[in-house]
>>> print(open('protein_17.txt').read())   # compact mmCIF, C-alpha atoms and all ligand atoms
# COMPACT_ATOMS: atom_id res chain seq x y z
CA MET A 1 61.36 143.87 -111.38
CA THR A 2 61.00 143.81 -107.63
CA GLY A 3 63.62 145.43 -105.48
CA ASP A 4 63.44 142.69 -102.93
CA ARG A 5 66.63 140.64 -103.08
CA SER A 6 65.13 137.61 -101.39
CA GLU A 7 62.46 137.20 -104.05
CA TRP A 8 64.72 138.09 -106.90
CA GLU A 9 65.53 135.43 -109.46
CA PRO A 10 67.99 136.15 -112.27
CA LYS A 11 66.26 136.83 -115.56
CA ILE A 12 68.39 135.74 -118.47
CA VAL A 13 67.75 136.00 -122.19
CA GLY A 14 69.47 133.49 -124.44
CA PHE A 15 69.84 134.01 -128.17
CA LEU A 16 70.35 130.51 -129.54
CA CYS A 17 71.13 129.62 -133.08
CA ASN A 18 68.62 127.38 -134.76
CA TRP A 19 71.10 124.80 -135.98
CA CYS A 20 73.28 123.99 -132.98
CA SER A 21 72.52 125.55 -129.64
CA TYR A 22 68.74 125.50 -129.91
CA ALA A 23 68.89 121.84 -130.87
CA GLY A 24 71.35 121.26 -128.01
CA ALA A 25 68.97 122.84 -125.52
CA ASP A 26 66.14 120.82 -127.02
CA LEU A 27 68.12 117.65 -126.54
CA ALA A 28 68.75 118.61 -122.93
CA GLY A 29 64.98 118.77 -122.48
CA GLN A 30 64.34 115.53 -124.28
CA SER A 31 67.00 113.87 -122.18
CA ARG A 32 65.24 115.12 -119.05
CA LEU A 33 68.33 116.94 -117.83
CA GLU A 34 67.62 119.20 -114.93
CA TYR A 35 68.75 122.80 -114.96
CA PRO A 36 67.43 126.14 -113.73
CA PRO A 37 64.53 127.69 -115.67
CA ASN A 38 65.96 131.23 -115.69
CA VAL A 39 66.93 131.43 -119.35
CA LYS A 40 64.25 132.64 -121.76
CA ILE A 41 65.29 131.36 -125.14
CA ILE A 42 64.97 133.35 -128.34
CA ARG A 43 65.68 131.29 -131.43
CA VAL A 44 67.70 133.05 -134.11
CA PRO A 45 68.92 131.67 -137.44
CA CYS A 46 72.55 132.17 -136.52
CA SER A 47 74.65 133.74 -133.78
CA GLY A 48 75.74 136.11 -136.54
CA ARG A 49 72.16 137.37 -136.70
CA VAL A 50 72.40 138.88 -133.24
CA ASN A 51 72.76 142.63 -133.31
CA PRO A 52 74.48 144.36 -130.38
CA LEU A 53 71.26 146.36 -130.14
CA PHE A 54 69.42 143.17 -129.11
CA VAL A 55 71.78 142.85 -126.18
CA LEU A 56 71.36 146.49 -125.24
CA LYS A 57 67.60 146.24 -125.51
CA CYS A 58 67.62 143.29 -123.09
CA LEU A 59 69.92 144.91 -120.56
CA SER A 60 68.08 148.20 -120.68
CA SER A 61 64.72 146.48 -120.22
CA GLY A 62 65.81 145.04 -116.93
CA VAL A 63 67.09 141.64 -118.02
CA ASP A 64 69.90 140.58 -115.68
CA GLY A 65 72.03 138.69 -118.15
CA VAL A 66 72.28 137.95 -121.87
CA LEU A 67 73.70 134.84 -123.46
CA ILE A 68 74.48 134.32 -127.11
CA SER A 69 75.06 130.72 -128.06
CA GLY A 70 75.91 129.31 -131.46
CA CYS A 71 77.68 126.52 -133.28
CA HIS A 72 81.34 125.92 -132.64
CA THR A 73 83.56 127.80 -135.06
CA GLY A 74 83.91 125.84 -138.24
CA ASP A 75 80.44 124.30 -137.79
CA CYS A 76 78.30 127.30 -138.70
CA HIS A 77 75.39 126.40 -140.94
CA TYR A 78 76.19 129.50 -142.94
CA SER A 79 79.93 128.79 -142.79
CA GLU A 80 81.02 132.03 -141.19
CA GLY A 81 78.23 133.65 -139.20
CA ASN A 82 79.72 132.76 -135.86
CA PHE A 83 83.14 134.13 -136.83
CA HIS A 84 81.48 137.47 -137.45
CA ALA A 85 79.57 137.25 -134.18
CA ARG A 86 82.76 136.48 -132.29
CA ARG A 87 84.51 139.63 -133.50
CA ARG A 88 81.55 141.88 -132.98
CA PHE A 89 80.78 140.71 -129.47
CA THR A 90 84.38 140.62 -128.33
CA ILE A 91 84.36 144.36 -128.92
CA LEU A 92 80.99 144.88 -127.26
CA ARG A 93 82.14 143.03 -124.18
CA LYS A 94 85.32 145.08 -123.92
CA LEU A 95 83.22 148.21 -124.23
CA PHE A 96 80.84 147.05 -121.50
CA GLU A 97 83.75 146.45 -119.14
CA TYR A 98 85.16 149.86 -119.90
CA LEU A 99 81.86 151.59 -119.24
CA GLY A 100 81.51 149.77 -115.95
CA ILE A 101 78.88 147.23 -116.96
CA ASP A 102 79.64 143.90 -115.31
CA PRO A 103 80.83 141.63 -118.15
CA LYS A 104 79.20 138.69 -116.35
CA ARG A 105 75.94 140.04 -117.67
CA PHE A 106 76.97 139.39 -121.23
CA GLN A 107 78.22 135.96 -122.19
CA MET A 108 78.78 133.80 -125.19
CA ALA A 109 79.08 130.07 -125.70
CA TRP A 110 79.45 127.50 -128.42
CA VAL A 111 77.05 124.61 -127.88
CA SER A 112 76.52 122.00 -130.56
CA ALA A 113 73.31 120.04 -131.19
CA SER A 114 74.69 117.04 -129.33
CA GLU A 115 76.02 118.93 -126.30
CA ALA A 116 72.98 118.71 -124.06
CA ASP A 117 75.22 118.21 -121.03
CA LYS A 118 77.26 121.27 -121.87
CA TRP A 119 74.06 123.30 -122.20
CA ALA A 120 72.72 122.22 -118.83
CA LYS A 121 76.06 122.94 -117.13
CA LEU A 122 76.39 126.24 -118.91
CA VAL A 123 73.00 127.43 -117.69
CA LYS A 124 73.70 126.33 -114.12
CA GLY A 125 76.98 128.24 -114.12
CA LEU A 126 75.45 131.27 -115.77
CA VAL A 127 72.61 131.54 -113.29
CA GLU A 128 75.12 131.38 -110.44
CA GLU A 129 77.26 134.11 -111.98
CA ILE A 130 74.32 136.40 -112.57
CA ARG A 131 73.09 135.74 -109.06
CA GLN A 132 76.43 137.04 -107.81
CA ALA A 133 76.23 140.06 -110.07
CA GLY A 134 72.82 140.85 -108.55
CA PRO A 135 69.81 142.57 -110.09
CA ASN A 136 70.54 144.71 -113.09
CA LYS A 137 70.01 148.35 -112.19
CA LEU A 138 70.18 149.63 -115.74
CA GLY A 139 66.66 148.61 -116.58
CA HIS A 140 64.00 151.26 -116.57
CA ARG A 141 61.30 148.96 -115.33
CA MET B 142 99.92 182.32 -146.36
CA SER B 143 97.34 180.24 -148.13
CA GLU B 144 98.33 181.71 -151.50
CA GLU B 145 99.36 178.41 -152.99
CA LEU B 146 95.97 176.96 -152.07
CA LYS B 147 94.05 179.90 -153.53
CA ASN B 148 96.00 179.76 -156.77
CA LYS B 149 95.50 176.06 -157.18
CA ALA B 150 91.79 176.45 -156.48
CA LYS B 151 91.45 179.18 -159.11
CA GLU B 152 93.30 177.06 -161.62
CA LEU B 153 91.10 174.02 -160.94
CA LEU B 154 87.89 176.01 -161.26
CA THR B 155 88.98 177.85 -164.42
CA ASN B 156 90.03 174.64 -166.12
CA LYS B 157 86.77 173.04 -165.00
CA LYS B 158 88.64 170.24 -163.31
CA VAL B 159 86.14 170.40 -160.46
CA ASP B 160 82.59 171.68 -159.99
CA LEU B 161 83.25 172.93 -156.51
CA ILE B 162 85.84 173.00 -153.80
CA ILE B 163 85.06 172.23 -150.19
CA GLY B 164 87.46 174.17 -148.01
CA TYR B 165 87.74 176.61 -145.13
CA GLN B 166 87.06 180.31 -144.89
CA ARG B 167 87.47 182.70 -141.97
CA ALA B 168 84.45 182.57 -139.69
CA ALA B 169 82.41 185.68 -138.90
CA ASP B 170 84.26 186.15 -135.61
CA GLY B 171 87.47 186.78 -137.52
CA VAL B 172 89.32 184.08 -135.62
CA LEU B 173 87.96 180.64 -136.23
CA ALA B 174 87.51 178.87 -139.53
CA ALA B 175 84.24 177.76 -141.09
CA PRO B 176 83.58 175.38 -143.96
CA CYS B 177 82.99 176.95 -147.36
CA PHE B 178 81.91 175.72 -150.76
CA ILE B 179 83.65 177.47 -153.60
CA ASP B 180 82.38 177.28 -157.15
CA SER B 181 83.78 180.40 -158.73
CA GLN B 182 87.23 181.78 -159.24
CA ASP B 183 86.48 184.93 -157.29
CA ASP B 184 85.30 183.01 -154.29
CA ALA B 185 88.59 181.13 -154.22
CA GLU B 186 90.04 184.20 -152.53
CA LYS B 187 88.15 183.20 -149.41
CA LEU B 188 90.12 180.01 -148.89
CA ILE B 189 92.38 179.81 -145.87
CA TRP B 190 94.61 177.21 -144.37
CA ASP B 191 95.88 177.34 -140.81
CA SER B 192 95.54 175.81 -137.35
CA TYR B 193 91.97 177.01 -137.06
CA CYS B 194 90.81 174.68 -139.82
CA VAL B 195 89.37 172.23 -137.34
CA TYR B 196 86.30 170.79 -139.09
CA ASN B 197 86.46 167.46 -140.85
CA LEU B 198 85.09 168.40 -144.24
CA ALA B 199 84.59 164.80 -145.33
CA SER B 200 81.12 165.02 -143.77
CA TYR B 201 80.01 167.28 -146.63
CA LEU B 202 80.91 164.94 -149.45
CA LYS B 203 77.54 163.18 -149.40
CA ASP B 204 75.78 166.52 -149.91
CA PHE B 205 77.13 166.88 -153.42
CA PRO B 206 76.43 163.63 -155.24
CA ALA B 207 77.42 163.33 -158.87
CA LYS B 208 79.59 166.43 -158.75
CA ARG B 209 83.31 166.53 -159.13
CA LYS B 210 84.41 167.78 -155.76
CA GLY B 211 87.72 169.22 -154.73
CA ILE B 212 88.23 168.86 -151.01
CA VAL B 213 90.87 170.34 -148.74
CA VAL B 214 92.01 167.74 -146.24
CA LYS B 215 94.26 167.23 -143.28
CA VAL B 216 95.91 163.85 -142.86
CA CYS B 217 93.37 162.66 -140.29
CA ASP B 218 90.42 163.78 -142.40
CA LEU B 219 91.84 161.94 -145.38
CA LYS B 220 91.50 158.70 -143.41
CA SER B 221 87.77 159.24 -143.09
CA ILE B 222 87.58 159.65 -146.87
CA THR B 223 89.47 156.37 -147.11
CA VAL B 224 86.77 154.67 -145.04
CA LEU B 225 84.03 156.29 -147.16
CA LEU B 226 85.75 154.90 -150.25
CA GLN B 227 86.03 151.44 -148.64
CA GLU B 228 82.33 151.53 -147.95
CA ASN B 229 81.42 152.79 -151.43
CA GLN B 230 79.94 156.02 -150.14
CA VAL B 231 81.90 158.27 -152.48
CA LYS B 232 83.40 157.68 -155.88
CA ARG B 233 87.12 158.25 -156.21
CA GLU B 234 86.65 159.64 -159.71
CA GLU B 235 84.39 162.35 -158.30
CA LEU B 236 87.03 163.44 -155.81
CA LEU B 237 89.97 165.69 -156.17
CA ILE B 238 91.90 165.51 -152.97
CA ILE B 239 93.84 168.60 -152.04
CA ALA B 240 96.03 167.51 -149.18
CA ALA B 241 97.63 170.25 -147.17
CA SER B 242 100.47 169.53 -144.82
CA CYS B 243 99.01 169.93 -141.40
CA PRO B 244 100.14 172.47 -138.85
CA GLY B 245 98.03 170.81 -136.14
CA VAL B 246 94.66 172.25 -135.18
CA ILE B 247 93.56 174.14 -132.13
CA ASP B 248 91.49 172.84 -129.27
CA GLU B 249 88.43 175.02 -129.81
CA LYS B 250 87.12 174.33 -126.36
CA ARG B 251 90.19 175.77 -124.75
CA LEU B 252 90.43 178.81 -126.90
CA ASN B 253 89.63 182.23 -125.61
CA PRO B 254 88.78 184.25 -128.70
CA LEU B 255 88.86 187.52 -126.76
CA ASP B 256 92.42 186.94 -125.78
CA GLN B 257 93.81 185.95 -129.16
CA GLN B 258 97.09 187.74 -129.24
CA ALA B 259 98.24 186.93 -125.79
CA GLN B 260 97.46 183.29 -125.95
CA GLU B 261 99.62 180.52 -127.23
CA ILE B 262 97.78 178.01 -129.38
CA VAL B 263 96.48 175.04 -127.47
CA PHE B 264 96.51 172.10 -129.84
CA ALA B 265 93.73 169.54 -129.96
CA GLY B 266 94.37 166.35 -128.02
CA LYS B 267 94.47 164.27 -131.18
CA CYS B 268 97.23 166.45 -132.64
CA LYS B 269 99.47 166.03 -129.65
CA THR B 270 99.89 162.37 -130.41
CA CYS B 271 99.43 162.43 -134.17
CA LYS B 272 102.03 160.31 -135.88
CA THR B 273 101.22 160.87 -139.53
CA ILE B 274 102.35 163.98 -141.28
CA THR B 275 102.31 162.99 -144.93
CA PRO B 276 98.98 162.01 -146.47
CA ALA B 277 98.71 158.47 -147.84
CA TYR B 278 97.45 159.67 -151.23
CA TYR B 279 96.23 162.87 -152.83
CA ASP B 280 95.79 164.58 -156.16
CA ILE B 281 97.36 167.86 -155.19
CA LEU B 282 99.71 168.55 -152.32
CA ILE B 283 99.86 171.99 -150.82
CA ASN B 284 103.10 172.23 -149.06
CA GLU B 285 102.79 174.96 -146.49
CA PRO B 286 105.88 175.09 -144.33
CA GLN B 287 105.37 173.12 -141.16
CA LYS B 288 104.86 175.54 -138.31
CA ASN B 289 105.31 173.14 -135.55
CA ASP B 290 107.36 170.05 -136.11
CA LYS B 291 107.59 169.34 -132.41
CA LEU B 292 103.84 169.04 -132.25
CA SER B 293 103.61 165.36 -131.72
CA GLU B 294 105.84 164.79 -128.79
CA ILE B 295 107.59 161.52 -129.32
CA GLY B 296 106.80 159.06 -126.62
CA GLN B 297 103.52 160.63 -125.58
CA ASP B 298 101.01 157.85 -125.11
CA GLU B 299 97.86 158.42 -127.15
CA TYR B 300 95.97 155.98 -124.93
CA GLU B 301 96.85 157.60 -121.63
CA PRO B 302 93.30 158.76 -120.80
CA VAL B 303 92.00 155.31 -121.70
CA ARG B 304 94.57 153.59 -119.50
CA LYS B 305 93.71 155.84 -116.61
CA LEU B 306 90.09 154.77 -116.81
CA GLU B 307 91.03 151.14 -117.24
CA ALA B 308 92.99 151.30 -114.03
CA LYS B 309 89.87 152.16 -112.03
CA SER B 310 87.55 149.57 -110.57
CA ILE B 311 84.47 148.58 -112.51
CA GLU B 312 82.21 150.40 -110.03
CA GLU B 313 84.25 153.57 -110.35
CA ARG B 314 84.10 153.35 -114.10
CA PHE B 315 80.34 152.97 -114.02
CA LYS B 316 80.02 156.00 -111.74
CA PHE B 317 82.26 157.98 -114.03
CA TRP B 318 80.35 157.19 -117.21
CA GLU B 319 76.98 157.41 -115.51
CA SER B 320 77.75 160.95 -114.51
CA GLU B 321 79.16 161.80 -117.96
CA PHE B 322 76.17 160.33 -119.78
CA SER B 323 73.73 161.95 -117.38
CA ARG B 324 74.56 165.24 -119.10
CA CYS B 325 73.75 163.93 -122.58
CA ILE B 326 70.81 165.85 -124.01
CA ARG B 327 70.44 163.53 -127.01
CA CYS B 328 71.00 166.34 -129.45
CA TYR B 329 72.85 163.88 -131.73
CA ALA B 330 75.42 166.53 -132.62
CA CYS B 331 78.03 163.77 -132.28
CA ARG B 332 76.27 161.85 -135.01
CA GLN B 333 75.52 164.78 -137.28
CA ILE B 334 79.12 165.92 -137.36
CA CYS B 335 80.52 162.43 -137.92
CA PRO B 336 81.62 161.83 -141.51
CA LEU B 337 80.98 158.12 -141.03
CA CYS B 338 77.48 158.37 -139.52
CA TYR B 339 75.81 158.64 -142.88
CA CYS B 340 72.79 156.34 -142.40
CA PRO B 341 69.72 157.90 -144.04
CA LYS B 342 67.80 156.73 -141.02
CA CYS B 343 69.62 156.33 -137.74
CA VAL B 344 68.54 153.63 -135.29
CA ALA B 345 68.15 156.37 -132.72
CA GLU B 346 65.15 157.61 -134.66
CA GLN B 347 63.79 154.22 -135.59
CA ILE B 348 60.45 153.36 -134.07
CA THR B 349 59.61 149.82 -135.18
CA PRO B 350 61.47 148.30 -133.58
CA GLY B 351 62.63 151.01 -131.24
CA TYR B 352 65.78 149.79 -129.58
CA PHE B 353 66.19 152.32 -126.84
CA SER B 354 64.39 155.16 -125.18
CA LYS B 355 64.36 158.47 -127.00
CA GLY B 356 64.04 160.26 -123.72
CA VAL B 357 66.88 161.67 -121.69
CA ASN B 358 67.47 159.02 -119.06
CA LEU B 359 70.28 156.72 -118.04
CA GLU B 360 68.99 153.80 -120.07
CA GLY B 361 68.52 155.79 -123.26
CA ASN B 362 71.69 157.83 -122.92
CA LEU B 363 73.84 154.81 -122.19
CA SER B 364 72.31 152.79 -125.02
CA TRP B 365 72.72 155.66 -127.44
CA ASN B 366 76.36 156.16 -126.59
CA ILE B 367 77.13 152.45 -126.78
CA THR B 368 75.33 152.22 -130.12
CA ARG B 369 77.21 155.15 -131.58
CA ALA B 370 80.51 153.72 -130.41
CA MET B 371 79.76 150.24 -131.75
CA HIS B 372 78.68 151.59 -135.12
CA LEU B 373 82.01 153.33 -135.42
CA ALA B 374 84.06 150.34 -134.27
CA GLY B 375 86.85 149.68 -136.74
CA ARG B 376 85.75 152.71 -138.75
CA CYS B 377 86.49 155.66 -136.49
CA ILE B 378 89.74 157.34 -137.50
CA ASP B 379 89.81 159.69 -134.52
CA CYS B 380 89.13 163.02 -136.17
CA GLY B 381 87.63 163.91 -132.79
CA GLU B 382 84.71 165.82 -134.25
CA CYS B 383 82.06 164.13 -132.07
CA GLU B 384 83.79 165.22 -128.91
CA ARG B 385 84.28 168.73 -130.23
CA ALA B 386 80.63 169.00 -131.26
CA CYS B 387 79.22 167.63 -128.02
CA PRO B 388 77.72 170.64 -126.25
CA VAL B 389 77.97 169.11 -122.81
CA GLY B 390 81.59 167.98 -122.97
CA ILE B 391 81.25 164.19 -122.83
CA PRO B 392 84.72 162.72 -123.53
CA LEU B 393 83.60 160.73 -126.55
CA ARG B 394 87.14 160.30 -127.82
CA ASP B 395 87.94 158.30 -124.72
CA ILE B 396 85.34 155.78 -125.86
CA ASN B 397 86.44 155.78 -129.48
CA LYS B 398 90.07 155.43 -128.46
CA LYS B 399 89.27 152.50 -126.21
CA ILE B 400 87.75 150.59 -129.11
CA GLU B 401 90.61 151.62 -131.38
CA LYS B 402 93.11 150.32 -128.82
CA GLU B 403 91.27 147.03 -128.36
CA ILE B 404 90.96 146.26 -132.04
CA LYS B 405 94.62 147.01 -132.53
CA GLU B 406 95.50 144.54 -129.81
CA LEU B 407 92.89 141.90 -130.60
CA PHE B 408 92.70 141.98 -134.37
CA LYS B 409 95.81 143.91 -135.43
CA TYR B 410 93.46 146.26 -137.20
CA GLU B 411 93.64 149.99 -137.74
CA ALA B 412 90.87 151.93 -139.43
CA GLY B 413 91.34 153.95 -142.59
CA LEU B 414 94.75 152.70 -143.62
CA SER B 415 93.98 151.89 -147.24
CA VAL B 416 91.05 151.85 -149.61
CA GLU B 417 91.56 148.15 -150.33
CA GLN B 418 91.33 147.23 -146.64
CA LYS B 419 88.12 145.40 -145.68
CA PRO B 420 85.95 146.90 -142.94
CA LEU B 421 86.79 145.29 -139.59
CA LEU B 422 83.35 143.88 -138.94
CA SER B 423 82.76 142.51 -142.39
CA CYS B 424 85.77 140.25 -142.19
CA PHE B 425 87.25 137.92 -139.59
CA ASP B 426 90.22 135.74 -138.93
CA LYS B 427 89.77 132.10 -138.03
CA SER B 428 92.21 132.62 -135.20
CA ASP B 429 90.49 135.65 -133.69
CA PRO B 430 90.70 135.48 -129.87
CA GLU B 431 87.73 134.02 -128.00
CA ASP B 432 88.89 133.76 -124.41
CA PHE B 433 85.57 134.84 -122.99
CA ILE B 434 83.45 132.39 -124.96
CA LYS B 435 82.43 129.30 -123.07
S1 LIG C 501 74.66 155.96 -134.87
FE1 LIG C 501 74.62 154.15 -136.13
S2 LIG C 501 72.59 154.10 -137.07
FE2 LIG C 501 72.96 156.19 -136.30
S3 LIG C 501 73.80 157.26 -138.10
FE3 LIG C 501 75.52 156.51 -136.88
S4 LIG C 501 76.05 154.55 -137.82
FE4 LIG C 501 73.97 155.08 -138.51
S1 LIG C 502 76.67 165.39 -128.84
FE1 LIG C 502 76.89 164.91 -126.65
S2 LIG C 502 74.93 165.56 -125.72
FE2 LIG C 502 74.58 165.42 -127.95
S3 LIG C 502 73.82 163.32 -128.27
FE3 LIG C 502 76.05 163.23 -128.57
S4 LIG C 502 76.88 162.65 -126.57
FE4 LIG C 502 74.75 163.37 -126.23
>>> encode(input="protein_17.txt", output="structure tokens")
Amino acid sequence: MTGDRSEWEPKIVGFLCNWCSYAGADLAGQSRLEYPPNVKIIRVPCSGRVNPLFVLKCLSSGVDGVLISGCHTGDCHYSEGNFHARRRFTILRKLFEYLGIDPKRFQMAWVSASEADKWAKLVKGLVEEIRQAGPNKLGHR
Amino acid sequence: MSEELKNKAKELLTNKKVDLIIGYQRAADGVLAAPCFIDSQDDAEKLIWDSYCVYNLASYLKDFPAKRKGIVVKVCDLKSITVLLQENQVKREELLIIAASCPGVIDEKRLNPLDQQAQEIVFAGKCKTCKTITPAYYDILINEPQKNDKLSEIGQDEYEPVRKLEAKSIEERFKFWESEFSRCIRCYACRQICPLCYCPKCVAEQITPGYFSKGVNLEGNLSWNITRAMHLAGRCIDCGECERACPVGIPLRDINKKIEKEIKELFKYEAGLSVEQKPLLSCFDKSDPEDFIK
């Protein structure tokens, strides 16, 4: 990561569930929607698969923001994975805030396979928010 | 003073009701208490019960599998046994719970052993706001007279330290925790003492994949402390042992209490209330809040 603010571009990691959000992002691409290229997508079977350690690993490796995106509640391919994720990450986010880590750096969204527009808008907004938060100083490299 | 306890212990061992009893004995310094494992009648004489019995003995249960264990517990320690039972880590039929009514325990860190007589007991932070006096369940109740019924001062807010931190700005909070965590030497005493950190292999030692640095640096120390806190979310019953064991005085209870407070508010959940209760993170409610999710 360079220290130079002018060259700095937010680096964001997105954990997207295979069944909804990944397909939604795919649709955004197929539909030729334009949105910033800052999110590196990691496909996971379910938002419930994401371990808080994944988020920590990202933030401590110098990633500026982490997004977890899954199916809307009620639509989970495994019925309840996203309900579990919601509980878990609500707590993690509260803990981040308490420890002084900008909660903007950790976000969640529900994006279905047909919500290409929502995906594109979400990424635009996210990149702006992370830009405001600035480079993540937690990373060791 | 602990006669009733000694007699009960002798009786249990003679009648072979238990294979051993996990309790407290006077430490070598003559002041503090240390854990002891009693398996003969004669040894039962060693048992003590007073405000120096600080340790949470539930941590030792896993060391004696397939034995019928008697264990001396305070009300707060009993809650950690409740969580162990919820999580199938101990078998109820192997346990004989000897609940002793709790006089409140001392704050070891603020004790001056050289000045014993002169000094009034300083109670541990957790005791000052403890609301439970009677244990939820037990096999034997030792009813020592309550020394200090004014111990938990009604109206004292158990979350006061948490609220103070919450009131600061996010930058101030980061500075605060950065400086606290900068002292962490990654000795993992907080984990070793914790009755609920029983993983045979902790992620902190895991190499493939390694989630955070094993070295002493901000990244590793912060990640370790967040991981420990998250793994105890909805399980921690605030025995306060991690904070007591931490050699560099990091206020770990202030982190545990924060999570405890949040899950009470968000999910109406309190850890260690009953054996039947499901662990917080293995259940959910369809109407759980999700204000931050886009
Ligand atoms: S910190 Fe987590 S992984 Fe390590 S022993 Fe405790 S619960 Fe297990
Ligand atoms: S006991 Fe304290 S110094 Fe040791 S690992 Fe835990 S927080 Fe760090």
>>> residues_near_ligand(input="protein_17.txt", ligand="ligand LIG 502 (chain C)", cutoff="9 Å", atoms="all atoms listed in the file", output="list in words")
Glu321, Phe322, Arg324, Cys325, Ile326, Arg327, Cys328, Tyr329, Ala330, Cys331, Arg332, Gln333, Ile334, Asn362, Trp365, Asn366, Arg369, Cys383, Glu384, Arg385, Ala386, Cys387, Pro388, Val389, Gly390, Ile391, Pro392 and Leu393 of chain B
>>> residues_near_ligand(input="protein_17.txt", ligand="ligand LIG 501 (chain C)", cutoff="7 Å", atoms="only C-alpha atoms and all ligand atoms", output="number ranges by chain")
B: 332, 337-340, 342-345, 368-369, 372-373
>>> atom_distance(input="protein_17.txt", atom1="atom CA of A:Ala85", atom2="atom CA of A:Glu129")
22.5 Å
>>> residues_around(input="protein_17.txt", residues="B:Glu144", least_positions_apart="6", cutoff="10 Å", atoms="all atoms listed in the file", output="list in words")
Ala150, Glu186, Leu188, Ile189, Trp190, Ile283 and Glu285 of chain B
>>> residues_near_point(input="protein_17.txt", point="(68.7, 149.8, -128.9)", cutoff="6 Å", atoms="all atoms listed in the file", output="list in words")
Leu53, Leu56 and Lys57 of chain A; Tyr352 and Phe353 of chain B
>>> write_last_selection(input="protein_17.txt", atoms="C-alpha atoms", output="PDB file, in the frame of the given file")
ATOM      1  CA  LEU A  53      71.260 146.360-130.140  1.00  0.00           C
ATOM      2  CA  LEU A  56      71.360 146.490-125.240  1.00  0.00           C
ATOM      3  CA  LYS A  57      67.600 146.240-125.510  1.00  0.00           C
TER       4      LYS A  57
ATOM      5  CA  TYR B 352      65.780 149.790-129.580  1.00  0.00           C
ATOM      6  CA  PHE B 353      66.190 152.320-126.840  1.00  0.00           C
TER       7      PHE B 353
END
>>> residues_around(input="protein_17.txt", residues="A:Pro45", least_positions_apart="5", cutoff="9 Å", atoms="only C-alpha atoms", output="list in words")
Leu16, Cys17, Asn18 and Trp19 of chain A
>>> write_last_selection(input="protein_17.txt", atoms="C-alpha atoms", output="tab-separated table (two decimals), in the frame of the given file")
chain	number	residue	atom	x	y	z
A	16	LEU	CA	70.35	130.51	-129.54
A	17	CYS	CA	71.13	129.62	-133.08
A	18	ASN	CA	68.62	127.38	-134.76
A	19	TRP	CA	71.10	124.80	-135.98
>>> closest_residue(input="protein_17.txt", among="A:Ser79, A:Thr90, A:Asn38, A:Ser47", to="chain B", atoms="all atoms listed in the file")
A:Thr90
>>> closest_residue(input="protein_17.txt", among="B:Val159, B:Leu146, B:Cys217, B:Ile404", to="chain A", atoms="only C-alpha atoms")
B:Ile404
>>> interface_residues(input="protein_17.txt", of="chain A", to="chain B", cutoff="6 Å", atoms="all atoms listed in the file", output="ChimeraX atom specification")
/A:57,60,99-100,108-109
>>> write_last_selection(input="protein_17.txt", atoms="C-alpha atoms", output="PDB file, in the frame of the given file")
ATOM      1  CA  LYS A  57      67.600 146.240-125.510  1.00  0.00           C
ATOM      2  CA  SER A  60      68.080 148.200-120.680  1.00  0.00           C
ATOM      3  CA  LEU A  99      81.860 151.590-119.240  1.00  0.00           C
ATOM      4  CA  GLY A 100      81.510 149.770-115.950  1.00  0.00           C
ATOM      5  CA  MET A 108      78.780 133.800-125.190  1.00  0.00           C
ATOM      6  CA  ALA A 109      79.080 130.070-125.700  1.00  0.00           C
TER       7      ALA A 109
END
>>> atom_distance(input="protein_17.txt", atom1="atom CA of B:Ile348", atom2="atom CA of A:Ser61")
16.0 Å
